[in-house]
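Pasted below: work14.txt, compact mmCIF, N, CA and C atoms.
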# COMPACT_ATOMS: atom_id res chain seq x y z
N MET R 29 104.88 -178.72 318.99
CA MET R 29 104.38 -177.40 319.34
C MET R 29 104.02 -176.68 318.05
N LYS R 30 102.95 -175.93 318.13
CA LYS R 30 102.52 -175.09 317.01
C LYS R 30 102.66 -173.64 317.47
N ALA R 31 103.27 -172.82 316.63
CA ALA R 31 103.43 -171.39 316.93
C ALA R 31 102.94 -170.58 315.74
N THR R 32 102.17 -169.55 316.05
CA THR R 32 101.63 -168.68 315.00
C THR R 32 101.95 -167.24 315.34
N ILE R 33 102.46 -166.53 314.36
CA ILE R 33 102.65 -165.09 314.47
C ILE R 33 101.42 -164.46 313.83
N ILE R 34 100.64 -163.74 314.62
CA ILE R 34 99.44 -163.07 314.12
C ILE R 34 99.75 -161.58 314.12
N ALA R 35 99.73 -160.97 312.93
CA ALA R 35 100.28 -159.63 312.81
C ALA R 35 99.42 -158.73 311.93
N ILE R 36 99.52 -157.46 312.25
CA ILE R 36 98.87 -156.42 311.44
C ILE R 36 99.89 -155.93 310.42
N GLY R 37 99.44 -155.78 309.18
CA GLY R 37 100.31 -155.39 308.07
C GLY R 37 100.75 -156.63 307.32
N LYS R 38 100.85 -156.50 306.02
CA LYS R 38 101.25 -157.65 305.20
C LYS R 38 102.68 -157.48 304.70
N CYS R 39 103.44 -158.52 304.87
CA CYS R 39 104.84 -158.54 304.45
C CYS R 39 104.90 -158.78 302.94
N LYS R 40 105.67 -157.98 302.22
CA LYS R 40 105.81 -158.16 300.78
C LYS R 40 106.50 -159.50 300.51
N LYS R 41 105.98 -160.21 299.53
CA LYS R 41 106.36 -161.59 299.26
C LYS R 41 107.87 -161.83 299.15
N ASN R 42 108.58 -161.04 298.41
CA ASN R 42 110.01 -161.29 298.19
C ASN R 42 110.91 -160.29 298.91
N SER R 43 110.39 -159.65 299.93
CA SER R 43 111.18 -158.68 300.68
C SER R 43 112.28 -159.39 301.47
N PRO R 44 113.32 -158.66 301.85
CA PRO R 44 114.37 -159.27 302.69
C PRO R 44 113.80 -159.85 303.99
N GLU R 45 112.83 -159.15 304.59
CA GLU R 45 112.23 -159.64 305.83
C GLU R 45 111.49 -160.96 305.60
N ALA R 46 110.76 -161.04 304.49
CA ALA R 46 110.03 -162.27 304.16
C ALA R 46 111.01 -163.43 303.95
N GLN R 47 112.15 -163.16 303.36
CA GLN R 47 113.15 -164.20 303.16
C GLN R 47 113.70 -164.71 304.49
N ILE R 48 113.93 -163.80 305.43
CA ILE R 48 114.41 -164.20 306.76
C ILE R 48 113.34 -165.04 307.46
N ILE R 49 112.11 -164.57 307.44
CA ILE R 49 111.01 -165.31 308.07
C ILE R 49 110.88 -166.70 307.47
N ASP R 50 110.92 -166.78 306.14
CA ASP R 50 110.81 -168.07 305.46
C ASP R 50 111.96 -169.01 305.86
N GLU R 51 113.15 -168.45 306.03
CA GLU R 51 114.30 -169.27 306.42
C GLU R 51 114.08 -169.90 307.79
N TYR R 52 113.57 -169.11 308.74
CA TYR R 52 113.35 -169.66 310.08
C TYR R 52 112.14 -170.59 310.13
N ILE R 53 111.17 -170.38 309.27
CA ILE R 53 110.05 -171.33 309.17
C ILE R 53 110.58 -172.67 308.68
N LYS R 54 111.50 -172.65 307.69
CA LYS R 54 112.09 -173.89 307.17
C LYS R 54 112.91 -174.61 308.23
N ARG R 55 113.66 -173.85 309.03
CA ARG R 55 114.51 -174.45 310.07
C ARG R 55 113.70 -175.00 311.25
N SER R 56 112.53 -174.49 311.43
CA SER R 56 111.74 -174.79 312.62
C SER R 56 111.33 -176.25 312.69
N HIS R 57 111.40 -176.80 313.89
CA HIS R 57 110.89 -178.15 314.15
C HIS R 57 109.43 -178.07 314.60
N TRP R 58 109.01 -176.89 314.95
CA TRP R 58 107.62 -176.67 315.31
C TRP R 58 106.85 -176.31 314.04
N GLN R 59 105.56 -176.41 314.10
CA GLN R 59 104.72 -175.93 313.01
C GLN R 59 104.58 -174.43 313.20
N LEU R 60 105.32 -173.65 312.43
CA LEU R 60 105.38 -172.20 312.56
C LEU R 60 104.71 -171.56 311.35
N SER R 61 103.77 -170.64 311.61
CA SER R 61 103.07 -169.96 310.52
C SER R 61 102.83 -168.50 310.87
N VAL R 62 102.47 -167.73 309.84
CA VAL R 62 102.20 -166.31 309.99
C VAL R 62 100.81 -166.04 309.43
N LYS R 63 100.02 -165.31 310.20
CA LYS R 63 98.69 -164.89 309.76
C LYS R 63 98.68 -163.37 309.80
N GLU R 64 98.26 -162.74 308.69
CA GLU R 64 98.35 -161.27 308.56
C GLU R 64 97.02 -160.66 308.15
N LYS R 65 96.92 -159.37 308.47
CA LYS R 65 95.78 -158.55 308.04
C LYS R 65 96.32 -157.17 307.69
N ASP R 66 95.77 -156.59 306.65
CA ASP R 66 96.15 -155.22 306.29
C ASP R 66 95.87 -154.26 307.43
N ASN R 67 96.65 -153.20 307.50
CA ASN R 67 96.42 -152.14 308.49
C ASN R 67 95.02 -151.57 308.30
N SER R 68 94.39 -151.23 309.42
CA SER R 68 93.09 -150.57 309.38
C SER R 68 92.96 -149.78 310.67
N ASP R 69 91.76 -149.57 311.13
CA ASP R 69 91.61 -148.86 312.40
C ASP R 69 91.93 -149.82 313.55
N GLN R 70 92.26 -149.25 314.69
CA GLN R 70 92.73 -150.04 315.83
C GLN R 70 91.69 -151.05 316.31
N LYS R 71 90.42 -150.68 316.25
CA LYS R 71 89.35 -151.61 316.69
C LYS R 71 89.28 -152.82 315.78
N SER R 72 89.34 -152.61 314.47
CA SER R 72 89.30 -153.72 313.51
C SER R 72 90.54 -154.61 313.65
N GLU R 73 91.68 -153.96 313.88
CA GLU R 73 92.91 -154.73 314.08
C GLU R 73 92.79 -155.62 315.32
N ALA R 74 92.26 -155.05 316.40
CA ALA R 74 92.09 -155.83 317.64
C ALA R 74 91.13 -156.99 317.43
N GLU R 75 90.05 -156.75 316.69
CA GLU R 75 89.09 -157.82 316.41
C GLU R 75 89.76 -158.95 315.64
N PHE R 76 90.58 -158.60 314.65
CA PHE R 76 91.30 -159.61 313.87
C PHE R 76 92.25 -160.40 314.78
N LEU R 77 93.06 -159.70 315.55
CA LEU R 77 94.04 -160.37 316.41
C LEU R 77 93.33 -161.32 317.38
N GLN R 78 92.30 -160.80 318.04
CA GLN R 78 91.63 -161.61 319.06
C GLN R 78 90.87 -162.78 318.46
N SER R 79 90.25 -162.59 317.31
CA SER R 79 89.49 -163.68 316.68
C SER R 79 90.41 -164.73 316.06
N SER R 80 91.68 -164.39 315.88
CA SER R 80 92.64 -165.33 315.28
C SER R 80 93.34 -166.20 316.31
N ILE R 81 93.11 -165.95 317.58
CA ILE R 81 93.74 -166.74 318.64
C ILE R 81 93.10 -168.13 318.65
N PRO R 82 93.90 -169.16 318.40
CA PRO R 82 93.34 -170.52 318.43
C PRO R 82 92.87 -170.89 319.84
N HIS R 83 91.79 -171.64 319.92
CA HIS R 83 91.25 -172.08 321.21
C HIS R 83 92.32 -172.88 321.96
N GLY R 84 92.56 -172.51 323.20
CA GLY R 84 93.51 -173.22 324.04
C GLY R 84 94.95 -172.78 323.90
N ALA R 85 95.23 -171.86 322.96
CA ALA R 85 96.61 -171.41 322.76
C ALA R 85 97.02 -170.43 323.84
N LYS R 86 98.29 -170.46 324.20
CA LYS R 86 98.86 -169.43 325.06
C LYS R 86 99.11 -168.21 324.17
N VAL R 87 98.89 -167.02 324.73
CA VAL R 87 98.97 -165.78 323.96
C VAL R 87 100.10 -164.91 324.49
N ILE R 88 101.00 -164.57 323.59
CA ILE R 88 102.08 -163.63 323.91
C ILE R 88 101.86 -162.38 323.07
N VAL R 89 101.59 -161.28 323.75
CA VAL R 89 101.37 -160.00 323.08
C VAL R 89 102.70 -159.24 323.10
N LEU R 90 103.14 -158.81 321.92
CA LEU R 90 104.35 -158.01 321.84
C LEU R 90 103.99 -156.55 322.03
N ASP R 91 104.62 -155.93 323.02
CA ASP R 91 104.32 -154.55 323.38
C ASP R 91 105.54 -153.96 324.06
N GLU R 92 105.89 -152.75 323.70
CA GLU R 92 107.09 -152.12 324.27
C GLU R 92 107.01 -151.95 325.79
N ARG R 93 105.82 -152.00 326.34
CA ARG R 93 105.65 -151.87 327.79
C ARG R 93 105.64 -153.22 328.52
N GLY R 94 105.88 -154.28 327.79
CA GLY R 94 105.89 -155.61 328.39
C GLY R 94 107.19 -155.92 329.10
N VAL R 95 107.31 -157.14 329.59
CA VAL R 95 108.54 -157.56 330.26
C VAL R 95 109.62 -157.84 329.23
N ASN R 96 110.83 -157.52 329.59
CA ASN R 96 111.97 -157.75 328.72
C ASN R 96 112.72 -158.96 329.26
N LEU R 97 112.71 -160.07 328.53
CA LEU R 97 113.29 -161.32 328.98
C LEU R 97 114.49 -161.72 328.13
N LYS R 98 115.37 -162.49 328.73
CA LYS R 98 116.43 -163.14 327.97
C LYS R 98 115.78 -164.29 327.20
N SER R 99 116.43 -164.72 326.14
CA SER R 99 115.90 -165.84 325.35
C SER R 99 115.73 -167.09 326.20
N THR R 100 116.68 -167.33 327.10
CA THR R 100 116.58 -168.51 327.96
C THR R 100 115.40 -168.41 328.92
N GLU R 101 115.10 -167.21 329.38
CA GLU R 101 113.95 -167.03 330.27
C GLU R 101 112.64 -167.28 329.54
N LEU R 102 112.54 -166.78 328.30
CA LEU R 102 111.34 -167.02 327.50
C LEU R 102 111.21 -168.51 327.19
N ALA R 103 112.33 -169.15 326.88
CA ALA R 103 112.31 -170.59 326.62
C ALA R 103 111.81 -171.35 327.84
N GLN R 104 112.21 -170.94 329.03
CA GLN R 104 111.76 -171.62 330.25
C GLN R 104 110.26 -171.45 330.46
N ILE R 105 109.75 -170.27 330.19
CA ILE R 105 108.30 -170.05 330.31
C ILE R 105 107.55 -170.98 329.35
N ILE R 106 108.02 -171.05 328.12
CA ILE R 106 107.36 -171.90 327.12
C ILE R 106 107.51 -173.37 327.50
N SER R 107 108.66 -173.76 328.01
CA SER R 107 108.86 -175.13 328.48
C SER R 107 107.87 -175.46 329.59
N ASP R 108 107.69 -174.54 330.53
CA ASP R 108 106.72 -174.75 331.62
C ASP R 108 105.31 -174.91 331.06
N TRP R 109 104.96 -174.10 330.07
CA TRP R 109 103.64 -174.23 329.45
C TRP R 109 103.48 -175.60 328.80
N GLN R 110 104.54 -176.04 328.09
CA GLN R 110 104.49 -177.35 327.44
C GLN R 110 104.29 -178.46 328.47
N THR R 111 105.00 -178.38 329.57
CA THR R 111 104.89 -179.37 330.63
C THR R 111 103.46 -179.45 331.16
N LYS R 112 102.79 -178.31 331.16
CA LYS R 112 101.41 -178.26 331.66
C LYS R 112 100.37 -178.55 330.57
N GLY R 113 100.84 -178.95 329.38
CA GLY R 113 99.92 -179.40 328.34
C GLY R 113 99.69 -178.45 327.18
N THR R 114 100.35 -177.31 327.17
CA THR R 114 100.17 -176.37 326.05
C THR R 114 100.81 -176.94 324.79
N SER R 115 100.08 -176.91 323.70
CA SER R 115 100.62 -177.39 322.42
C SER R 115 100.61 -176.30 321.35
N GLU R 116 100.12 -175.12 321.73
CA GLU R 116 100.03 -174.04 320.75
C GLU R 116 100.25 -172.69 321.42
N ILE R 117 101.05 -171.87 320.76
CA ILE R 117 101.36 -170.52 321.23
C ILE R 117 101.12 -169.57 320.06
N CYS R 118 100.58 -168.39 320.37
CA CYS R 118 100.49 -167.38 319.32
C CYS R 118 101.10 -166.08 319.84
N PHE R 119 101.73 -165.39 318.93
CA PHE R 119 102.39 -164.11 319.20
C PHE R 119 101.62 -163.04 318.44
N LEU R 120 101.16 -162.01 319.15
CA LEU R 120 100.36 -160.96 318.52
C LEU R 120 101.20 -159.70 318.34
N ILE R 121 101.27 -159.22 317.09
CA ILE R 121 101.95 -157.97 316.76
C ILE R 121 100.89 -157.01 316.26
N GLY R 122 100.71 -155.91 316.98
CA GLY R 122 99.68 -154.94 316.63
C GLY R 122 100.12 -154.01 315.52
N GLY R 123 99.24 -153.09 315.20
CA GLY R 123 99.51 -152.08 314.19
C GLY R 123 100.32 -150.92 314.77
N ALA R 124 100.42 -149.86 314.00
CA ALA R 124 101.23 -148.70 314.38
C ALA R 124 100.79 -148.06 315.69
N ASP R 125 99.52 -148.17 316.02
CA ASP R 125 99.02 -147.56 317.26
C ASP R 125 99.02 -148.53 318.43
N GLY R 126 99.58 -149.71 318.25
CA GLY R 126 99.68 -150.66 319.34
C GLY R 126 98.41 -151.46 319.56
N HIS R 127 98.30 -152.01 320.76
CA HIS R 127 97.19 -152.89 321.11
C HIS R 127 96.17 -152.17 321.99
N LEU R 128 94.92 -152.55 321.82
CA LEU R 128 93.88 -152.10 322.74
C LEU R 128 93.98 -152.90 324.05
N GLN R 129 93.41 -152.37 325.10
CA GLN R 129 93.40 -153.06 326.39
C GLN R 129 92.74 -154.42 326.28
N SER R 130 91.73 -154.54 325.43
CA SER R 130 91.04 -155.83 325.28
C SER R 130 91.97 -156.91 324.74
N THR R 131 92.97 -156.53 323.94
CA THR R 131 93.97 -157.49 323.47
C THR R 131 94.93 -157.83 324.60
N HIS R 132 95.36 -156.83 325.35
CA HIS R 132 96.23 -157.09 326.51
C HIS R 132 95.55 -158.06 327.46
N ASP R 133 94.24 -157.93 327.62
CA ASP R 133 93.50 -158.77 328.55
C ASP R 133 93.52 -160.25 328.14
N LYS R 134 93.77 -160.54 326.88
CA LYS R 134 93.83 -161.92 326.38
C LYS R 134 95.21 -162.54 326.60
N ALA R 135 96.19 -161.74 326.98
CA ALA R 135 97.59 -162.18 327.03
C ALA R 135 97.90 -163.05 328.24
N ASP R 136 98.66 -164.10 327.99
CA ASP R 136 99.28 -164.87 329.06
C ASP R 136 100.63 -164.25 329.42
N LEU R 137 101.19 -163.52 328.47
CA LEU R 137 102.47 -162.83 328.66
C LEU R 137 102.49 -161.61 327.75
N ILE R 138 102.87 -160.46 328.30
CA ILE R 138 103.10 -159.27 327.48
C ILE R 138 104.61 -159.09 327.43
N LEU R 139 105.16 -159.19 326.23
CA LEU R 139 106.59 -159.28 326.01
C LEU R 139 107.12 -158.07 325.25
N SER R 140 108.22 -157.53 325.73
CA SER R 140 108.91 -156.44 325.04
C SER R 140 110.22 -156.97 324.48
N PHE R 141 110.58 -156.50 323.32
CA PHE R 141 111.88 -156.81 322.74
C PHE R 141 112.82 -155.63 322.94
N GLY R 142 112.52 -154.79 323.94
CA GLY R 142 113.37 -153.65 324.27
C GLY R 142 112.67 -152.34 323.97
N LYS R 143 113.38 -151.28 324.24
CA LYS R 143 112.83 -149.93 324.10
C LYS R 143 112.92 -149.39 322.67
N LEU R 144 113.70 -150.06 321.83
CA LEU R 144 113.83 -149.60 320.45
C LEU R 144 112.53 -149.77 319.68
N THR R 145 112.28 -148.86 318.76
CA THR R 145 111.16 -149.00 317.85
C THR R 145 111.68 -149.68 316.59
N LEU R 146 111.08 -150.82 316.25
CA LEU R 146 111.48 -151.55 315.05
C LEU R 146 110.34 -151.55 314.04
N PRO R 147 110.66 -151.52 312.74
CA PRO R 147 109.60 -151.66 311.75
C PRO R 147 108.89 -152.99 311.96
N HIS R 148 107.58 -153.01 311.73
CA HIS R 148 106.79 -154.20 312.00
C HIS R 148 107.30 -155.43 311.24
N MET R 149 107.72 -155.25 310.00
CA MET R 149 108.18 -156.40 309.22
C MET R 149 109.50 -156.93 309.77
N LEU R 150 110.37 -156.04 310.19
CA LEU R 150 111.63 -156.46 310.78
C LEU R 150 111.38 -157.18 312.11
N MET R 151 110.39 -156.70 312.88
CA MET R 151 110.06 -157.35 314.14
C MET R 151 109.62 -158.78 313.90
N ARG R 152 108.89 -159.03 312.85
CA ARG R 152 108.48 -160.40 312.52
C ARG R 152 109.69 -161.28 312.24
N ALA R 153 110.67 -160.73 311.53
CA ALA R 153 111.89 -161.49 311.25
C ALA R 153 112.63 -161.81 312.55
N VAL R 154 112.76 -160.82 313.42
CA VAL R 154 113.42 -161.02 314.71
C VAL R 154 112.64 -162.05 315.53
N LEU R 155 111.34 -161.94 315.57
CA LEU R 155 110.51 -162.87 316.32
C LEU R 155 110.64 -164.29 315.78
N SER R 156 110.63 -164.46 314.47
CA SER R 156 110.75 -165.80 313.90
C SER R 156 112.10 -166.42 314.28
N GLU R 157 113.15 -165.61 314.33
CA GLU R 157 114.46 -166.13 314.77
C GLU R 157 114.39 -166.52 316.23
N GLN R 158 113.75 -165.72 317.06
CA GLN R 158 113.65 -166.03 318.49
C GLN R 158 112.84 -167.30 318.74
N ILE R 159 111.81 -167.53 317.95
CA ILE R 159 111.04 -168.76 318.08
C ILE R 159 111.94 -169.96 317.76
N TYR R 160 112.73 -169.83 316.71
CA TYR R 160 113.69 -170.89 316.38
C TYR R 160 114.72 -171.05 317.50
N ARG R 161 115.22 -169.95 318.03
CA ARG R 161 116.21 -169.98 319.11
C ARG R 161 115.64 -170.70 320.34
N ILE R 162 114.38 -170.41 320.68
CA ILE R 162 113.73 -171.08 321.81
C ILE R 162 113.73 -172.59 321.60
N GLN R 163 113.42 -173.02 320.39
CA GLN R 163 113.42 -174.45 320.09
C GLN R 163 114.80 -175.06 320.33
N THR R 164 115.84 -174.36 319.89
CA THR R 164 117.20 -174.90 320.04
C THR R 164 117.61 -174.92 321.51
N ILE R 165 117.20 -173.91 322.27
CA ILE R 165 117.50 -173.90 323.71
C ILE R 165 116.84 -175.10 324.38
N LEU R 166 115.56 -175.32 324.08
CA LEU R 166 114.82 -176.42 324.69
C LEU R 166 115.37 -177.79 324.28
N ALA R 167 115.95 -177.86 323.09
CA ALA R 167 116.51 -179.12 322.59
C ALA R 167 117.96 -179.32 323.02
N GLY R 168 118.56 -178.32 323.68
CA GLY R 168 119.96 -178.43 324.08
C GLY R 168 120.93 -178.30 322.92
N HIS R 169 120.48 -177.70 321.84
CA HIS R 169 121.30 -177.51 320.64
C HIS R 169 122.27 -176.34 320.88
N PRO R 170 123.48 -176.38 320.34
CA PRO R 170 124.46 -175.30 320.62
C PRO R 170 124.24 -173.99 319.85
N TYR R 171 123.14 -173.83 319.14
CA TYR R 171 122.87 -172.59 318.41
C TYR R 171 122.94 -171.38 319.33
N HIS R 172 122.33 -171.49 320.51
CA HIS R 172 122.31 -170.36 321.47
C HIS R 172 123.52 -170.44 322.38
N ARG R 173 124.18 -169.30 322.53
CA ARG R 173 125.34 -169.21 323.43
C ARG R 173 125.12 -168.06 324.39
N GLU R 174 125.59 -168.25 325.62
CA GLU R 174 125.52 -167.16 326.59
C GLU R 174 126.90 -166.86 327.09
What does the file become when written as structure tokens?
Amino acid sequence: MKATIIAIGKCKKNSPEAQIIDEYIKRSHWQLSVKEKDNSDQKSEAEFLQSSIPHGAKVIVLDERGVNLKSTELAQIISDWQTKGTSEICFLIGGADGHLQSTHDKADLILSFGKLTLPHMLMRAVLSEQIYRIQTILAGHPYHRE
């Protein structure tokens, strides 16, 4: 499986968040990468996000108004996609003003990580851990406990 985090804003190279993201990229059994663009106007951000979606990839848009799932539920959705032939997933993180409707329209899933507002760089770190967690759930590894 290939997973890409496509995000607005650039993470500073040696920041604590970048170190966390790098750690989960190293642990990952999937090909996990991050694609970034500097903040700009919402239309340009949407164009970047949408044009960065690989052909045939399932799209998960992160948005506070999305569904709030347990890690095991998200893992099951991704497992179902894999069973049906999906080999690539991308996660879209918008800028400070969120996503345009045209980005929502591209989504296979609109996902919320809860009602809390998190800094964008910290959200990337949390997301990279969740991608790793999904892998361990699907592999039956004891990393995830309920």
Using DSSP assignments from the backbone, pull out every residue in chain R that falls under alpha helix (DSSP H) and give it to me as number ranges by chain. R: 44-55, 70-79, 99-111, 129-132, 148-167
Using only C-alpha atoms, what table do you get, as JSON lines, when you list each residue of segment 60-162 of chain R with an atom no more than 6 Å from segment 32-42 of chain R, its nearest pair of atoms, and their distance in Å rounded to one decimal, rows by chain then rising number?
{"residue": "R:Leu60", "atom": "CA", "partner": "R:Thr32", "partner_atom": "CA", "distance": 5.7}
{"residue": "R:Ser61", "atom": "CA", "partner": "R:Thr32", "partner_atom": "CA", "distance": 4.9}
{"residue": "R:Val62", "atom": "CA", "partner": "R:Ile33", "partner_atom": "CA", "distance": 4.7}
{"residue": "R:Lys63", "atom": "CA", "partner": "R:Ile34", "partner_atom": "CA", "distance": 4.8}
{"residue": "R:Glu64", "atom": "CA", "partner": "R:Ala35", "partner_atom": "CA", "distance": 4.9}
{"residue": "R:Lys65", "atom": "CA", "partner": "R:Ile36", "partner_atom": "CA", "distance": 5.1}
{"residue": "R:Asp66", "atom": "CA", "partner": "R:Gly37", "partner_atom": "CA", "distance": 4.5}
{"residue": "R:Asn67", "atom": "CA", "partner": "R:Gly37", "partner_atom": "CA", "distance": 5.1}
{"residue": "R:Cys118", "atom": "CA", "partner": "R:Thr32", "partner_atom": "CA", "distance": 4.7}
{"residue": "R:Phe119", "atom": "CA", "partner": "R:Ile33", "partner_atom": "CA", "distance": 4.8}
{"residue": "R:Leu120", "atom": "CA", "partner": "R:Ile34", "partner_atom": "CA", "distance": 5.0}
{"residue": "R:Ile121", "atom": "CA", "partner": "R:Ala35", "partner_atom": "CA", "distance": 4.6}
{"residue": "R:Gly122", "atom": "CA", "partner": "R:Ile36", "partner_atom": "CA", "distance": 5.5}
{"residue": "R:Gly123", "atom": "CA", "partner": "R:Ile36", "partner_atom": "CA", "distance": 5.2}
Just how far from atom C of Lys134 of chain R is atom CA of His172 of chain R, in Å to one decimal? 28.7 Å
Selection as an NGL selection string: residues within 5 Å of (102.2, -174.8, 320.7), counting only N, CA and C atoms: :R and (29-31 or 114-117)
Any idea what's packed within 7 Å of Thr131 of chain R, counting all atoms listed in the file, ignoring anything in its chain fewer than 5 positions away? Could you give it as a PyMOL selection string? chain R and resi 74+78+89
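Atom pair atom N of Leu150 of chain R / atom N of Asp50 of chain R: separated by 11.5 Å.
In this structure, atom CA of Ala103 of chain R sits 26.6 Å away from atom CA of Pro44 of chain R.
Nearest residue to Glu51 of chain R, choosing from R:Glu157, R:Gly113, R:Thr100, R:Thr145 and counting all atoms listed in the file: R:Glu157.
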At a cut-off of 8 Å, using only N, CA and C atoms, what residues contact Ile162 of chain R? Leave out same-chain residues fewer than 2 positions from it and give the result as a list of chain:residue names. R:Ser99, R:Thr100, R:Leu102, R:Ala103, R:Gln104, R:Ser156, R:Glu157, R:Gln158, R:Ile159, R:Tyr160, R:Thr164, R:Ile165, R:Leu166, R:Ala167, R:Gly168, R:His172
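Among the candidates R:Leu137, R:Met151, R:Ile81, R:Leu128, the residue lying nearest to Asp69 of chain R is R:Leu128 (atoms considered: only C-alpha atoms).
Across R:Arg152, R:Lys143, R:His169, R:Lys86, the tightest approach to Ile48 of chain R is made by R:Arg152 when counting only N, CA and C atoms.
Taking only C-alpha atoms into account, Lys71 of chain R lies nearest to R:His127 out of the set R:Arg173, R:Lys54, R:His127, R:Arg93.
Here the selection is built from only N, CA and C atoms, and the residues within 5 Å of (104.1, -156.7, 322.6) turn out to be Val89, Leu90, Asp91, Glu92 and Leu139 of chain R.
The residues of segment 68-154 of chain R that DSSP assigns to strand (DSSP E) on this backbone come out as Lys86, Val87, Ile88, Val89, Leu90, Asp91, Glu92, Arg93, Gly94, Val95, Asn96, Glu116, Ile117, Cys118, Phe119, Leu120, Ile121, Leu137, Ile138, Leu139 and Ser140 of chain R.
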Draw an axis-aligned box over all listed atoms of segment 95-107 of chain R, pad each side with 6 Å, and write its centre and edge lengths in Å, one decimal, as lines of an AutoDock Vina configuration file.
center_x = 112.0
center_y = -166.3
center_z = 327.9
size_x = 21.4
size_y = 30.3
size_z = 17.1
